[in-house]
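J.: Below: one structure in structure tokens.
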Amino acid sequence: MTEKIRAVRTVDKLMQYLTEHNCPIGKSTLLNLIHSGEIPHVKLTSHIWIFHLDAIDQWLQGEWKKEGV
């Protein structure tokens with residue numbers, strides 16, 4: 001059986017997901033976290049990111065570590 005990948009493609013959708021999980025973060029703060037590599041994401045182009053929600057859940061629980069650290 002194929003496992004469905006849970007992901008969102010926009011910062012606004014990620015903000016909505018975080019708010020639904022009792023972790024509201026403003027857009028400018030979220031963008032700073034993305035650019036500094038503090039929040040898990042896949043960068044497709046300079047303005048297009050994918051956020052895998054399983055990794056975001058780990059990040060929320062403090063279990064995700066930045067690569068190279």
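By convention in this document, the chains of the structure tokens carry letters A, B, ... by their order, each chain's residues are numbered from 1, and ligands are numbered from 1 in the order they are shown.
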At a cut-off of 8 Å, using only C-alpha atoms, what residues contact Trp59 (chain A)? Leave out same-chain residues fewer than 4 positions from it and give the result as a PDB file with N, CA, C and O atoms, in the first residue's frame.
T.:
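Saved the output as selection39.pdb:
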ATOM      1  N   ILE A  39      13.369  25.758  10.024  1.00  0.00           N
ATOM      2  CA  ILE A  39      12.136  24.992   9.879  1.00  0.00           C
ATOM      3  C   ILE A  39      12.305  24.074   8.658  1.00  0.00           C
ATOM      4  O   ILE A  39      12.858  24.484   7.640  1.00  0.00           O
ATOM      5  N   PRO A  40      11.892  22.814   8.781  1.00  0.00           N
ATOM      6  CA  PRO A  40      12.116  21.868   7.679  1.00  0.00           C
ATOM      7  C   PRO A  40      11.322  22.243   6.422  1.00  0.00           C
ATOM      8  O   PRO A  40      10.136  22.542   6.493  1.00  0.00           O
ATOM      9  N   ALA A  55       7.522  16.219   8.944  1.00  0.00           N
ATOM     10  CA  ALA A  55       8.718  16.915   9.435  1.00  0.00           C
ATOM     11  C   ALA A  55       8.320  18.134  10.268  1.00  0.00           C
ATOM     12  O   ALA A  55       8.965  18.433  11.279  1.00  0.00           O
ATOM     13  N   GLU A  63      11.808  17.599  17.874  1.00  0.00           N
ATOM     14  CA  GLU A  63      12.549  16.406  17.489  1.00  0.00           C
ATOM     15  C   GLU A  63      13.308  16.562  16.170  1.00  0.00           C
ATOM     16  O   GLU A  63      14.072  15.691  15.794  1.00  0.00           O
ATOM     17  N   TRP A  64      13.085  17.659  15.454  1.00  0.00           N
ATOM     18  CA  TRP A  64      13.749  17.870  14.167  1.00  0.00           C
ATOM     19  C   TRP A  64      15.001  18.687  14.388  1.00  0.00           C
ATOM     20  O   TRP A  64      15.006  19.676  15.106  1.00  0.00           O
ATOM     21  N   LYS A  65      16.091  18.246  13.771  1.00  0.00           N
ATOM     22  CA  LYS A  65      17.342  18.991  13.877  1.00  0.00           C
ATOM     23  C   LYS A  65      17.773  19.455  12.487  1.00  0.00           C
ATOM     24  O   LYS A  65      17.648  18.721  11.518  1.00  0.00           O
TER      25      LYS A  65
END
J.: Name all residues at most 10 Å from region 1-10 of chain A (count only C-alpha atoms; drop same-chain ones fewer than 2 positions away) and give them as a ChimeraX atom specification.
T.: /A:12-17,41-42,47-56
J.: Based on the backbone DSSP call, show me all residues of chain A assigned strand (DSSP E), as a ChimeraX atom specification.
T.: /A:7-8,42-45,48-52
J.: Find the residues around Gly37 (chain A) up to 10 Å (only C-alpha atoms counted), leave out those fewer than 5 positions away in its own chain, and share them as a PyMOL selection string.
T.: chain A and resi 31-32+65-67
J.: Those same residues, written as a short mmCIF file (atom, residue, chain, number, x, y, z; two decimals), in the first residue's frame with N, CA, C and O atoms?
T.:
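For reference, selection.cif as written:
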data_model
loop_
_atom_site.label_atom_id
_atom_site.label_comp_id
_atom_site.auth_asym_id
_atom_site.auth_seq_id
_atom_site.Cartn_x
_atom_site.Cartn_y
_atom_site.Cartn_z
N LEU A 31 8.94 33.30 7.56
CA LEU A 31 9.90 33.47 6.45
C LEU A 31 11.33 33.51 6.96
O LEU A 31 12.23 32.93 6.34
N ASN A 32 11.56 34.18 8.08
CA ASN A 32 12.90 34.21 8.68
C ASN A 32 13.35 32.81 9.07
O ASN A 32 14.52 32.44 8.86
N LYS A 65 16.09 18.25 13.77
CA LYS A 65 17.34 18.99 13.88
C LYS A 65 17.77 19.46 12.49
O LYS A 65 17.65 18.72 11.52
N LYS A 66 18.25 20.66 12.42
CA LYS A 66 18.75 21.25 11.18
C LYS A 66 19.89 20.38 10.65
O LYS A 66 20.73 19.93 11.40
N GLU A 67 19.90 20.12 9.34
CA GLU A 67 20.97 19.34 8.73
C GLU A 67 22.30 20.05 8.90
O GLU A 67 22.38 21.28 8.84
#
J.: So how many Å separate CA of Cys23 (chain A) and CA of Glu38 (chain A), to one decimal?
T.: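 Taking CA of Cys23 (chain A) as the start and CA of Glu38 (chain A) as the end point, the length is 15.1 Å.
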J.: So how far away is CA of Leu60 (chain A) from CA of Leu33 (chain A), in Å?
T.: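 Pair CA of Leu33 (chain A) / CA of Leu60 (chain A) returns 12.9 Å.
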J.: Just the alpha helix (DSSP H) stuff from chain A, please, per backbone DSSP, written as a list in words.
T.: Val11, Asp12, Lys13, Leu14, Met15, Gln16, Tyr17, Leu18, Thr19, Glu20, Lys27, Ser28, Thr29, Leu30, Leu31, Asn32, Leu33, Ile34, His35, Leu53, Asp54, Ala55, Ile56, Asp57, Gln58, Trp59 and Leu60 of chain A
J.: For the residues in the current selection, export N, CA, C and O atoms as a CSV table (one decimal), in the first residue's frame.
T.:
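Final output, saved to result-v1.csv:
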chain,number,residue,atom,x,y,z
A,11,VAL,N,3.5,29.3,2.2
A,11,VAL,CA,3.7,29.8,3.5
A,11,VAL,C,2.4,30.0,4.2
A,11,VAL,O,2.2,29.7,5.4
A,12,ASP,N,1.4,30.5,3.4
A,12,ASP,CA,0.1,30.8,4.0
A,12,ASP,C,-0.6,29.5,4.5
A,12,ASP,O,-1.2,29.4,5.6
A,13,LYS,N,-0.4,28.4,3.7
A,13,LYS,CA,-1.0,27.1,4.1
A,13,LYS,C,-0.2,26.5,5.4
A,13,LYS,O,-0.8,26.0,6.2
A,14,LEU,N,1.1,26.8,5.4
A,14,LEU,CA,1.9,26.3,6.6
A,14,LEU,C,1.4,27.1,7.8
A,14,LEU,O,1.3,26.6,8.9
A,15,MET,N,1.2,28.4,7.6
A,15,MET,CA,0.7,29.3,8.7
A,15,MET,C,-0.6,28.7,9.2
A,15,MET,O,-0.8,28.7,10.5
A,16,GLN,N,-1.5,28.4,8.3
A,16,GLN,CA,-2.8,27.8,8.7
A,16,GLN,C,-2.6,26.5,9.5
A,16,GLN,O,-3.2,26.3,10.5
A,17,TYR,N,-1.8,25.7,9.0
A,17,TYR,CA,-1.5,24.4,9.7
A,17,TYR,C,-1.0,24.6,11.1
A,17,TYR,O,-1.4,24.0,12.0
A,18,LEU,N,0.0,25.5,11.2
A,18,LEU,CA,0.6,25.8,12.5
A,18,LEU,C,-0.4,26.4,13.5
A,18,LEU,O,-0.5,26.0,14.7
A,19,THR,N,-1.3,27.2,13.0
A,19,THR,CA,-2.3,27.8,13.8
A,19,THR,C,-3.3,26.8,14.3
A,19,THR,O,-3.7,26.7,15.5
A,20,GLU,N,-3.6,25.8,13.4
A,20,GLU,CA,-4.5,24.7,13.8
A,20,GLU,C,-3.9,23.8,14.8
A,20,GLU,O,-4.6,23.1,15.5
A,27,LYS,N,3.8,35.7,9.5
A,27,LYS,CA,4.4,35.4,8.2
A,27,LYS,C,5.9,35.8,8.1
A,27,LYS,O,6.7,35.1,7.7
A,28,SER,N,6.2,37.0,8.7
A,28,SER,CA,7.6,37.5,8.6
A,28,SER,C,8.5,36.6,9.5
A,28,SER,O,9.6,36.2,9.1
A,29,THR,N,8.0,36.2,10.6
A,29,THR,CA,8.8,35.3,11.5
A,29,THR,C,9.0,33.9,10.8
A,29,THR,O,10.1,33.3,10.8
A,30,LEU,N,7.9,33.4,10.2
A,30,LEU,CA,8.0,32.1,9.5
A,30,LEU,C,9.0,32.2,8.3
A,30,LEU,O,9.8,31.3,8.1
A,31,LEU,N,8.9,33.3,7.6
A,31,LEU,CA,9.9,33.5,6.5
A,31,LEU,C,11.3,33.5,7.0
A,31,LEU,O,12.2,32.9,6.3
A,32,ASN,N,11.6,34.2,8.1
A,32,ASN,CA,12.9,34.2,8.7
A,32,ASN,C,13.4,32.8,9.1
A,32,ASN,O,14.5,32.4,8.9
A,33,LEU,N,12.4,32.0,9.7
A,33,LEU,CA,12.8,30.6,10.0
A,33,LEU,C,13.1,29.8,8.8
A,33,LEU,O,14.0,29.0,8.8
A,34,ILE,N,12.4,30.0,7.7
A,34,ILE,CA,12.6,29.3,6.5
A,34,ILE,C,14.0,29.6,5.9
A,34,ILE,O,14.8,28.7,5.6
A,35,HIS,N,14.2,30.9,5.8
A,35,HIS,CA,15.5,31.4,5.2
A,35,HIS,C,16.7,31.0,6.0
A,35,HIS,O,17.8,30.8,5.5
A,53,LEU,N,4.5,17.8,6.2
A,53,LEU,CA,3.9,18.0,7.5
A,53,LEU,C,4.4,17.0,8.6
A,53,LEU,O,4.4,17.3,9.8
A,54,ASP,N,4.9,15.8,8.2
A,54,ASP,CA,5.5,14.9,9.2
A,54,ASP,C,6.7,15.6,9.8
A,54,ASP,O,6.9,15.5,11.0
A,55,ALA,N,7.5,16.2,8.9
A,55,ALA,CA,8.7,16.9,9.4
A,55,ALA,C,8.3,18.1,10.3
A,55,ALA,O,9.0,18.4,11.3
A,56,ILE,N,7.3,18.8,9.9
A,56,ILE,CA,6.8,20.0,10.6
A,56,ILE,C,6.3,19.5,12.0
A,56,ILE,O,6.6,20.1,13.0
A,57,ASP,N,5.6,18.4,12.1
A,57,ASP,CA,5.2,17.8,13.3
A,57,ASP,C,6.4,17.5,14.2
A,57,ASP,O,6.3,17.8,15.4
A,58,GLN,N,7.4,16.9,13.7
A,58,GLN,CA,8.6,16.7,14.4
A,58,GLN,C,9.3,18.0,14.9
A,58,GLN,O,9.7,18.1,16.1
A,59,TRP,N,9.3,19.0,14.1
A,59,TRP,CA,9.8,20.3,14.5
A,59,TRP,C,9.0,20.9,15.6
A,59,TRP,O,9.6,21.4,16.6
A,60,LEU,N,7.7,20.8,15.6
A,60,LEU,CA,6.8,21.3,16.6
A,60,LEU,C,7.1,20.6,18.0
A,60,LEU,O,7.0,21.2,19.0
